[in-house]
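**Q** My structure is stored as my_file_15.cif, with mmCIF, C-alpha atoms.
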data_start
#
loop_
_atom_site.label_atom_id
_atom_site.label_comp_id
_atom_site.auth_asym_id
_atom_site.auth_seq_id
_atom_site.Cartn_x
_atom_site.Cartn_y
_atom_site.Cartn_z
CA MET A 30 138.38 190.67 39.43
CA ASN A 31 140.77 193.48 38.57
CA LEU A 32 139.91 196.13 36.03
CA SER A 33 142.04 196.31 32.91
CA ASP A 34 143.45 199.49 31.47
CA SER A 35 143.07 197.96 28.00
CA SER A 36 139.39 198.95 28.05
CA PRO A 37 138.72 202.71 28.10
CA MET A 38 135.33 202.11 29.68
CA ALA A 39 136.68 199.80 32.35
CA ALA A 40 139.54 202.19 33.18
CA ALA A 41 137.37 205.35 33.30
CA LYS A 42 137.28 207.03 36.69
CA THR A 43 134.10 208.04 38.45
CA GLU A 44 133.61 211.78 38.81
CA PHE A 45 130.90 213.82 40.49
CA VAL A 46 129.04 217.06 39.82
CA SER A 47 126.50 218.82 42.04
CA VAL A 48 123.04 219.00 40.50
CA ASP A 49 119.94 220.26 42.30
CA GLY A 50 121.57 219.78 45.69
CA ALA A 51 122.85 216.25 45.06
CA ARG A 52 126.04 214.79 43.64
CA LEU A 53 125.61 212.93 40.36
CA ALA A 54 128.13 210.25 39.40
CA TYR A 55 129.43 210.07 35.84
CA ARG A 56 132.39 208.87 33.79
CA ALA A 57 133.78 210.83 30.83
CA PHE A 58 136.27 209.31 28.39
CA GLY A 59 136.84 208.63 24.71
CA ALA A 60 137.90 210.70 21.71
CA SER A 61 137.90 214.48 21.79
CA GLY A 62 135.04 216.38 20.21
CA PRO A 63 132.53 219.15 20.85
CA VAL A 64 129.42 216.99 21.24
CA PRO A 65 129.59 214.11 23.75
CA LEU A 66 127.39 211.04 23.53
CA VAL A 67 125.56 210.69 26.85
CA PHE A 68 124.52 207.14 27.76
CA LEU A 69 121.27 206.76 29.74
CA MET A 70 120.69 203.40 31.41
CA ARG A 71 117.84 200.91 31.66
CA PHE A 72 115.55 200.10 34.58
CA ARG A 73 117.54 198.71 37.55
CA GLY A 74 120.84 199.36 35.77
CA THR A 75 123.79 201.60 36.60
CA MET A 76 126.66 202.90 34.51
CA ASP A 77 128.53 199.74 35.59
CA HIS A 78 126.12 197.65 33.51
CA TRP A 79 127.23 198.87 30.07
CA ASP A 80 129.13 196.28 28.06
CA PRO A 81 132.65 197.57 27.23
CA ALA A 82 132.65 195.57 23.97
CA PHE A 83 129.86 197.90 22.80
CA VAL A 84 130.96 201.19 24.36
CA ASP A 85 134.70 201.05 23.66
CA PRO A 86 134.45 201.08 19.82
CA ILE A 87 132.23 204.14 20.03
CA ALA A 88 134.67 205.79 22.44
CA GLU A 89 137.40 205.46 19.80
CA LYS A 90 135.40 207.90 17.65
CA ARG A 91 133.33 209.95 20.08
CA PRO A 92 133.56 211.57 23.52
CA ILE A 93 131.48 209.46 25.93
CA VAL A 94 129.64 210.28 29.15
CA LEU A 95 128.13 207.50 31.24
CA LEU A 96 125.65 208.92 33.77
CA ASP A 97 123.83 207.57 36.80
CA ASN A 98 120.59 209.50 37.25
CA ALA A 99 119.57 210.75 40.70
CA GLY A 100 119.18 208.04 43.33
CA VAL A 101 120.89 205.37 41.20
CA GLY A 102 124.28 203.73 41.64
CA GLN A 103 126.77 206.20 43.08
CA SER A 104 124.53 209.24 42.49
CA GLU A 105 122.89 210.91 45.46
CA GLY A 106 119.30 212.08 45.77
CA GLU A 107 116.02 210.32 45.10
CA VAL A 108 114.83 208.74 41.87
CA PRO A 109 112.42 211.25 40.28
CA GLY A 110 108.77 210.29 40.30
CA GLY A 111 108.46 210.15 36.52
CA ILE A 112 110.30 210.05 33.21
CA SER A 113 109.98 213.84 32.94
CA GLY A 114 111.83 214.30 36.21
CA MET A 115 114.62 211.98 35.09
CA ALA A 116 114.93 213.96 31.85
CA GLU A 117 115.17 217.18 33.83
CA ILE A 118 118.05 215.74 35.85
CA VAL A 119 119.92 215.05 32.60
CA ARG A 120 119.27 218.63 31.45
CA LEU A 121 120.59 219.99 34.74
CA PHE A 122 123.65 217.74 34.45
CA ALA A 123 124.38 219.10 30.96
CA ALA A 124 124.01 222.66 32.25
CA ALA A 125 126.30 221.98 35.22
CA LYS A 126 128.96 220.63 32.85
CA GLY A 127 128.56 223.53 30.42
CA LEU A 128 127.31 221.29 27.59
CA GLU A 129 125.28 223.25 25.06
CA LYS A 130 124.80 220.27 22.72
CA ILE A 131 124.72 216.55 23.41
CA ASP A 132 123.93 213.36 21.56
CA VAL A 133 122.02 210.73 23.55
CA PHE A 134 122.11 206.94 23.56
CA GLY A 135 119.18 205.81 25.67
CA TRP A 136 118.45 202.17 26.40
CA SER A 137 115.03 200.97 27.58
CA MET A 138 113.96 203.34 30.39
CA GLY A 139 116.94 205.51 29.44
CA ALA A 140 115.58 205.79 25.90
CA ALA A 141 112.29 207.11 27.24
CA VAL A 142 114.26 209.64 29.28
CA GLY A 143 116.25 210.63 26.18
CA LEU A 144 113.09 211.04 24.08
CA LYS A 145 111.42 213.18 26.74
CA LEU A 146 114.57 215.30 27.01
CA THR A 147 114.58 215.70 23.21
CA ILE A 148 110.93 216.77 23.15
CA ASP A 149 111.29 219.23 26.02
CA HIS A 150 114.72 220.61 24.99
CA PRO A 151 115.22 220.09 21.24
CA VAL A 152 118.01 222.67 21.12
CA LEU A 153 120.07 220.60 23.59
CA VAL A 154 119.83 217.20 21.87
CA ARG A 155 121.53 217.07 18.47
CA LYS A 156 120.83 213.38 17.71
CA LEU A 157 119.04 210.62 19.61
CA VAL A 158 119.68 206.87 19.58
CA PHE A 159 116.55 205.18 20.94
CA ALA A 160 117.31 201.58 21.89
CA GLY A 161 114.95 198.85 23.07
CA SER A 162 112.09 201.05 24.21
CA GLY A 163 108.78 202.62 23.30
CA PRO A 164 107.27 206.10 23.22
CA GLY A 165 104.46 205.26 25.64
CA GLY A 166 100.73 205.43 25.09
CA ILE A 167 100.66 203.04 22.10
CA ALA A 168 97.30 201.39 22.75
CA ASP A 169 97.69 198.54 20.26
CA ALA A 170 101.25 197.58 21.27
CA PRO A 171 101.50 193.94 22.44
CA PRO A 172 101.60 193.79 26.25
CA MET A 173 104.58 192.64 28.27
CA PRO A 174 104.32 188.88 28.98
CA GLN A 175 103.35 187.89 32.51
CA LYS A 176 106.66 186.06 32.96
CA VAL A 177 108.53 189.31 32.24
CA LEU A 178 106.44 191.19 34.79
CA GLU A 179 107.20 188.56 37.40
CA THR A 180 110.91 188.39 36.60
CA ILE A 181 111.78 192.09 36.54
CA VAL A 182 110.66 192.60 40.15
CA LYS A 183 112.63 189.73 41.66
CA PRO A 184 114.97 190.95 44.43
CA GLN A 185 117.86 189.13 42.74
CA THR A 186 118.25 188.40 39.02
CA SER A 187 119.76 185.02 38.23
CA GLU A 188 121.75 184.30 35.09
CA ASP A 189 118.78 182.45 33.60
CA ASP A 190 116.51 185.41 34.42
CA TYR A 191 118.94 187.80 32.73
CA LEU A 192 119.27 185.64 29.63
CA TYR A 193 115.49 185.34 29.35
CA LEU A 194 114.89 189.07 29.72
CA PHE A 195 117.72 190.36 27.56
CA PHE A 196 118.45 187.76 24.88
CA ALA A 197 116.56 185.56 22.45
CA GLY A 198 115.76 181.91 23.06
CA SER A 199 118.39 180.43 20.72
CA GLU A 200 121.56 178.95 22.15
CA ALA A 201 123.62 181.36 20.02
CA SER A 202 121.89 184.36 21.58
CA ARG A 203 122.12 182.96 25.11
CA GLU A 204 125.81 182.18 24.69
CA ALA A 205 126.38 185.77 23.53
CA GLY A 206 124.59 186.83 26.69
CA ARG A 207 126.89 184.76 28.87
CA ARG A 208 129.94 186.32 27.24
CA SER A 209 128.50 189.78 27.78
CA LEU A 210 127.81 189.06 31.45
CA LYS A 211 131.46 188.10 31.94
CA ARG A 212 132.60 191.39 30.39
CA ILE A 213 130.17 193.45 32.49
CA ALA A 214 131.33 191.67 35.66
CA ARG A 215 134.61 193.60 35.44
CA ARG A 216 132.72 196.58 36.86
CA THR A 217 129.88 195.00 38.82
CA GLU A 218 132.34 192.93 40.86
CA ALA A 219 134.42 196.00 41.74
CA ALA A 220 134.22 197.37 45.28
CA ALA A 221 132.72 200.72 44.25
CA HIS A 222 129.71 199.20 42.44
CA ARG A 223 126.37 199.97 44.09
CA PRO A 224 123.28 198.06 42.90
CA VAL A 225 120.04 199.98 42.49
CA ARG A 226 118.30 199.98 45.87
CA PRO A 227 114.84 198.36 46.14
CA GLU A 228 113.17 201.68 46.96
CA SER A 229 114.82 203.23 43.90
CA PHE A 230 113.77 200.56 41.42
CA LYS A 231 110.21 200.68 42.79
CA ARG A 232 110.12 204.37 41.90
CA GLN A 233 111.62 203.56 38.50
CA LEU A 234 109.00 200.86 37.95
CA ALA A 235 106.19 203.31 38.72
CA ALA A 236 107.67 205.85 36.31
CA VAL A 237 108.04 203.28 33.52
CA GLY A 238 104.51 202.01 34.08
CA ALA A 239 103.04 205.50 33.88
CA TRP A 240 105.00 206.21 30.69
CA ALA A 241 103.83 202.98 29.04
CA GLN A 242 100.22 203.82 29.88
CA GLY A 243 100.55 207.23 28.25
CA SER A 244 100.97 209.48 31.30
CA ASN A 245 103.11 212.40 30.10
CA SER A 246 104.63 210.13 27.45
CA ALA A 247 105.49 210.84 23.81
CA GLY A 248 103.14 208.65 21.79
CA ASP A 249 100.85 211.50 20.79
CA VAL A 250 103.59 213.96 19.77
CA LEU A 251 105.98 211.81 17.75
CA GLU A 252 104.98 213.52 14.50
CA SER A 253 106.35 216.81 15.82
CA VAL A 254 109.82 215.49 16.77
CA GLN A 255 112.31 216.76 14.19
CA THR A 256 115.52 215.58 15.91
CA PRO A 257 117.34 212.92 13.86
CA THR A 258 116.62 209.64 15.65
CA LEU A 259 117.99 206.13 15.21
CA VAL A 260 115.55 203.53 16.55
CA LEU A 261 117.18 200.19 17.42
CA ASN A 262 115.86 196.94 18.84
CA GLY A 263 116.23 193.19 18.87
CA ALA A 264 113.71 191.38 16.70
CA HIS A 265 112.67 189.15 19.62
CA ASP A 266 112.61 191.62 22.52
CA VAL A 267 110.25 190.24 25.20
CA MET A 268 110.54 193.33 27.41
CA VAL A 269 109.51 195.99 24.88
CA HIS A 270 107.87 194.53 21.81
CA PRO A 271 109.46 195.68 18.51
CA TYR A 272 106.03 196.93 17.45
CA ASN A 273 106.92 200.05 19.43
CA SER A 274 109.97 200.54 17.23
CA TYR A 275 107.91 200.19 14.07
CA THR A 276 105.44 202.76 15.41
CA MET A 277 108.18 205.27 16.11
CA ASN A 278 109.66 204.77 12.67
CA GLN A 279 106.25 205.33 11.07
CA ARG A 280 105.33 208.42 13.06
CA MET A 281 108.61 210.30 13.43
CA PRO A 282 109.57 212.23 10.29
CA SER A 283 113.34 211.94 10.87
CA ALA A 284 113.57 208.45 12.38
CA GLN A 285 115.28 205.44 10.88
CA LEU A 286 114.90 201.88 12.17
CA ILE A 287 117.21 198.89 12.51
CA LEU A 288 116.10 195.53 13.95
CA TYR A 289 118.77 192.94 14.72
CA PRO A 290 118.03 189.23 14.11
CA ASP A 291 117.85 186.48 16.75
CA SER A 292 118.27 188.98 19.57
CA GLY A 293 116.35 190.55 22.42
CA HIS A 294 116.49 193.57 24.70
CA ALA A 295 120.30 193.57 24.86
CA PHE A 296 120.86 193.23 21.12
CA HIS A 297 123.73 195.74 21.36
CA PHE A 298 125.54 193.44 23.80
CA GLN A 299 124.96 190.47 21.51
CA TYR A 300 126.24 192.29 18.40
CA PRO A 301 128.49 194.94 20.03
CA ALA A 302 130.74 195.72 17.07
CA GLN A 303 127.91 195.83 14.54
CA VAL A 304 125.64 198.04 16.63
CA ALA A 305 128.54 200.30 17.62
CA GLY A 306 129.31 200.76 13.92
CA ASP A 307 125.69 201.64 13.16
CA VAL A 308 125.67 204.19 15.99
CA ILE A 309 128.94 205.77 14.82
CA ASP A 310 127.66 206.01 11.25
CA PHE A 311 124.44 207.66 12.41
CA LEU A 312 126.17 210.19 14.65
CA SER A 313 128.63 211.05 11.90
#
Please express what this file holds, its structure, as structure tokens.

**A**
Amino acid sequence: MNLSDSSPMAAAKTEFVSVDGARLAYRAFGASGPVPLVFLMRFRGTMDHWDPAFVDPIAEKRPIVLLDNAGVGQSEGEVPGGISGMAEIVRLFAAAKGLEKIDVFGWSMGAAVGLKLTIDHPVLVRKLVFAGSGPGGIADAPPMPQKVLETIVKPQTSEDDYLYLFFAGSEASREAGRRSLKRIARRTEAAAHRPVRPESFKRQLAAVGAWAQGSNSAGDVLESVQTPTLVLNGAHDVMVHPYNSYTMNQRMPSAQLILYPDSGHAFHFQYPAQVAGDVIDFLS
């Protein structure tokens, strides 16, 4: 399937920058402005897995950077052993590109990375969008269902697996998921796409598990985070229960919360224009 120049995200070229001895892959595009919005991806995802129907409307208003962390996609190196290490890679990337201020859109594992970066380097992160994730160490948060645990480690993810993990059970939500998959395929079917290697997602899984259990996570320090934060999730997320979003909204003094109806982990791919508008409003 050929890429179309009608989509800024689909037409963006991959560039590289040397960070800590390894080349990191990224794509920069969108409107001009002093503070780019850096997108940080989910577990087992690469920058090819963003939905252009969500990213493109934001790119009309904001400069965008899609980034593959170390050891993921086209980036060299090894996946860091924890969320803190992934956050440090993002900091080093910003320094290498001369970025003194960034906004962050983090999704799932990427949201944890963005929150850790915000806590460790509050001067760097101007605003944080925290999507479909949790701060870690929330003892009373509902656990991940066994079916999710079994599905996320499959060597290959089928369409039914993807729809179960990322969308709600209604036919409307699942159909939105199918449409999103077709849009994303414009990149994932391209020759340059590189899936996350098994050894890389195993390291990611260990990092996410440690974060969820409270190892070097953010659950105990949320009250001290002053960075303006927009917490987003689908009301029926089976991967990260929305209870985590409520907890963040309750504990963080500058957080605001939006839950989207009849949607799951990929709510922003189900309602791309609506969520993009909410993100633009928040960043503005």

**Q** When the PyMOL selection byres ((chain A and resi 284) around 7) is applied to the file above, which residues end up in the set, as an NGL selection string?

**A** :A and (257-260 or 278 or 281-283 or 285-286)

**Q** Step by step, work through what the PyMOL selection byres ((chain A and resi 116) around 7) selects in the shown file, and finish by giving those residues as a PDB file with C-alpha atoms, keeping the file's coordinate frame.

**A**
ATOM      1  CA  ILE A 112     110.300 210.050  33.210  1.00  0.00           C
ATOM      2  CA  SER A 113     109.980 213.840  32.940  1.00  0.00           C
ATOM      3  CA  GLY A 114     111.830 214.300  36.210  1.00  0.00           C
ATOM      4  CA  MET A 115     114.620 211.980  35.090  1.00  0.00           C
ATOM      5  CA  GLU A 117     115.170 217.180  33.830  1.00  0.00           C
ATOM      6  CA  ILE A 118     118.050 215.740  35.850  1.00  0.00           C
ATOM      7  CA  VAL A 119     119.920 215.050  32.600  1.00  0.00           C
ATOM      8  CA  ARG A 120     119.270 218.630  31.450  1.00  0.00           C
ATOM      9  CA  VAL A 142     114.260 209.640  29.280  1.00  0.00           C
ATOM     10  CA  GLY A 143     116.250 210.630  26.180  1.00  0.00           C
ATOM     11  CA  LYS A 145     111.420 213.180  26.740  1.00  0.00           C
ATOM     12  CA  LEU A 146     114.570 215.300  27.010  1.00  0.00           C
TER      13      LEU A 146
END

**Q** Would you kindly return, as number ranges by chain, each protein, DNA or RNA residue with an atom no farther than 12 Å from any atom of A:Leu153, considering only C-alpha atoms and excluding same-chain residues fewer than 5 positions away?

**A** A: 64-65, 67, 116-117, 119-124, 127-133, 143-148, 256

**Q** So that I can see what lies close to stretch 297-307 of chain A, please list as a PyMOL selection string the residues with an atom at most 12 Å from it, counting all atoms listed in the file and leaving out residues fewer than 6 positions away in the same chain.

**A** chain A and resi 78-91+134-137+158-161+192+195-197+201-213+259-264+266+285-291+313

**Q** In Å, how far is it from atom CA of A:Ala40 to atom CA of A:Arg71?

**A**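 It comes out at 21.8 Å.
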
**Q** Please determine, counting all atoms listed in the file, which residue among A:Lys42, A:Lys156, A:Arg226, A:Arg216 has the shortest atom-to-atom distance to A:Arg73.

**A** A:Arg226

**Q** Using all atoms of stretch 171-177 of chain A that appear in the file, construct an axis-aligned enclosing box with 3 Å of padding on every side and provide its centre coordinates and edge lengths in Å, rounded to one decimal, as lines of an AutoDock Vina configuration file.

**A**
center_x = 105.0
center_y = 190.0
center_z = 27.7
size_x = 13.0
size_y = 13.9
size_z = 16.5

**Q** Provide stretch 274-308 of chain A rebuilt to N, CA and C atoms, formatted as a short mmCIF file (atom, residue, chain, number, x, y, z; two decimals), in the frame of the given file.

**A**
data_model
loop_
_atom_site.label_atom_id
_atom_site.label_comp_id
_atom_site.auth_asym_id
_atom_site.auth_seq_id
_atom_site.Cartn_x
_atom_site.Cartn_y
_atom_site.Cartn_z
N SER A 274 108.95 199.98 18.11
CA SER A 274 109.97 200.54 17.23
C SER A 274 109.39 200.85 15.86
N TYR A 275 108.57 199.94 15.34
CA TYR A 275 107.91 200.19 14.07
C TYR A 275 107.05 201.46 14.15
N THR A 276 106.32 201.60 15.24
CA THR A 276 105.44 202.76 15.41
C THR A 276 106.23 204.05 15.40
N MET A 277 107.35 204.07 16.10
CA MET A 277 108.18 205.27 16.11
C MET A 277 108.70 205.59 14.72
N ASN A 278 109.15 204.56 14.02
CA ASN A 278 109.66 204.77 12.67
C ASN A 278 108.59 205.31 11.73
N GLN A 279 107.36 204.88 11.90
CA GLN A 279 106.25 205.33 11.07
C GLN A 279 105.84 206.76 11.37
N ARG A 280 105.88 207.14 12.64
CA ARG A 280 105.33 208.42 13.06
C ARG A 280 106.35 209.56 13.08
N MET A 281 107.62 209.24 13.31
CA MET A 281 108.61 210.30 13.43
C MET A 281 109.20 210.63 12.07
N PRO A 282 109.14 211.88 11.65
CA PRO A 282 109.57 212.23 10.29
C PRO A 282 111.06 212.03 10.04
N SER A 283 111.89 212.05 11.08
CA SER A 283 113.34 211.94 10.87
C SER A 283 113.93 210.70 11.53
N ALA A 284 113.09 209.67 11.74
CA ALA A 284 113.57 208.45 12.38
C ALA A 284 113.93 207.39 11.35
N GLN A 285 114.95 206.62 11.67
CA GLN A 285 115.28 205.44 10.88
C GLN A 285 115.37 204.26 11.84
N LEU A 286 115.06 203.06 11.32
CA LEU A 286 114.90 201.88 12.17
C LEU A 286 115.83 200.77 11.74
N ILE A 287 116.45 200.11 12.74
CA ILE A 287 117.21 198.89 12.51
C ILE A 287 116.77 197.86 13.55
N LEU A 288 116.37 196.66 13.08
CA LEU A 288 116.10 195.53 13.95
C LEU A 288 117.17 194.48 13.72
N TYR A 289 117.68 193.91 14.80
CA TYR A 289 118.77 192.94 14.72
C TYR A 289 118.20 191.53 14.92
N PRO A 290 118.63 190.57 14.09
CA PRO A 290 118.03 189.23 14.11
C PRO A 290 118.42 188.42 15.34
N ASP A 291 117.55 187.46 15.69
CA ASP A 291 117.85 186.48 16.75
C ASP A 291 118.40 187.15 17.99
N SER A 292 117.77 188.24 18.41
CA SER A 292 118.27 188.98 19.57
C SER A 292 117.10 189.60 20.32
N GLY A 293 117.38 189.98 21.57
CA GLY A 293 116.35 190.55 22.42
C GLY A 293 116.71 191.95 22.89
N HIS A 294 116.39 192.22 24.14
CA HIS A 294 116.49 193.57 24.70
C HIS A 294 117.92 194.09 24.71
N ALA A 295 118.89 193.18 24.84
CA ALA A 295 120.30 193.57 24.86
C ALA A 295 120.98 193.21 23.55
N PHE A 296 120.32 193.50 22.46
CA PHE A 296 120.86 193.23 21.12
C PHE A 296 122.23 193.86 20.93
N HIS A 297 122.46 195.04 21.53
CA HIS A 297 123.73 195.74 21.36
C HIS A 297 124.85 195.08 22.13
N PHE A 298 124.53 194.22 23.10
CA PHE A 298 125.54 193.44 23.80
C PHE A 298 125.77 192.11 23.08
N GLN A 299 124.80 191.68 22.29
CA GLN A 299 124.96 190.47 21.51
C GLN A 299 125.77 190.73 20.24
N TYR A 300 125.53 191.89 19.62
CA TYR A 300 126.24 192.29 18.40
C TYR A 300 126.98 193.61 18.66
N PRO A 301 127.92 193.65 19.61
CA PRO A 301 128.49 194.94 20.03
C PRO A 301 129.19 195.70 18.92
N ALA A 302 130.00 195.02 18.12
CA ALA A 302 130.74 195.72 17.07
C ALA A 302 129.80 196.23 15.98
N GLN A 303 128.83 195.42 15.59
CA GLN A 303 127.91 195.83 14.54
C GLN A 303 127.05 197.01 14.96
N VAL A 304 126.49 196.95 16.17
CA VAL A 304 125.64 198.04 16.63
C VAL A 304 126.46 199.30 16.87
N ALA A 305 127.66 199.14 17.44
CA ALA A 305 128.54 200.30 17.62
C ALA A 305 128.82 200.98 16.29
N GLY A 306 129.07 200.19 15.25
CA GLY A 306 129.31 200.76 13.92
C GLY A 306 128.11 201.50 13.39
N ASP A 307 126.92 200.96 13.62
CA ASP A 307 125.69 201.64 13.16
C ASP A 307 125.50 202.96 13.91
N VAL A 308 125.81 202.96 15.20
CA VAL A 308 125.67 204.19 15.99
C VAL A 308 126.67 205.24 15.52
#
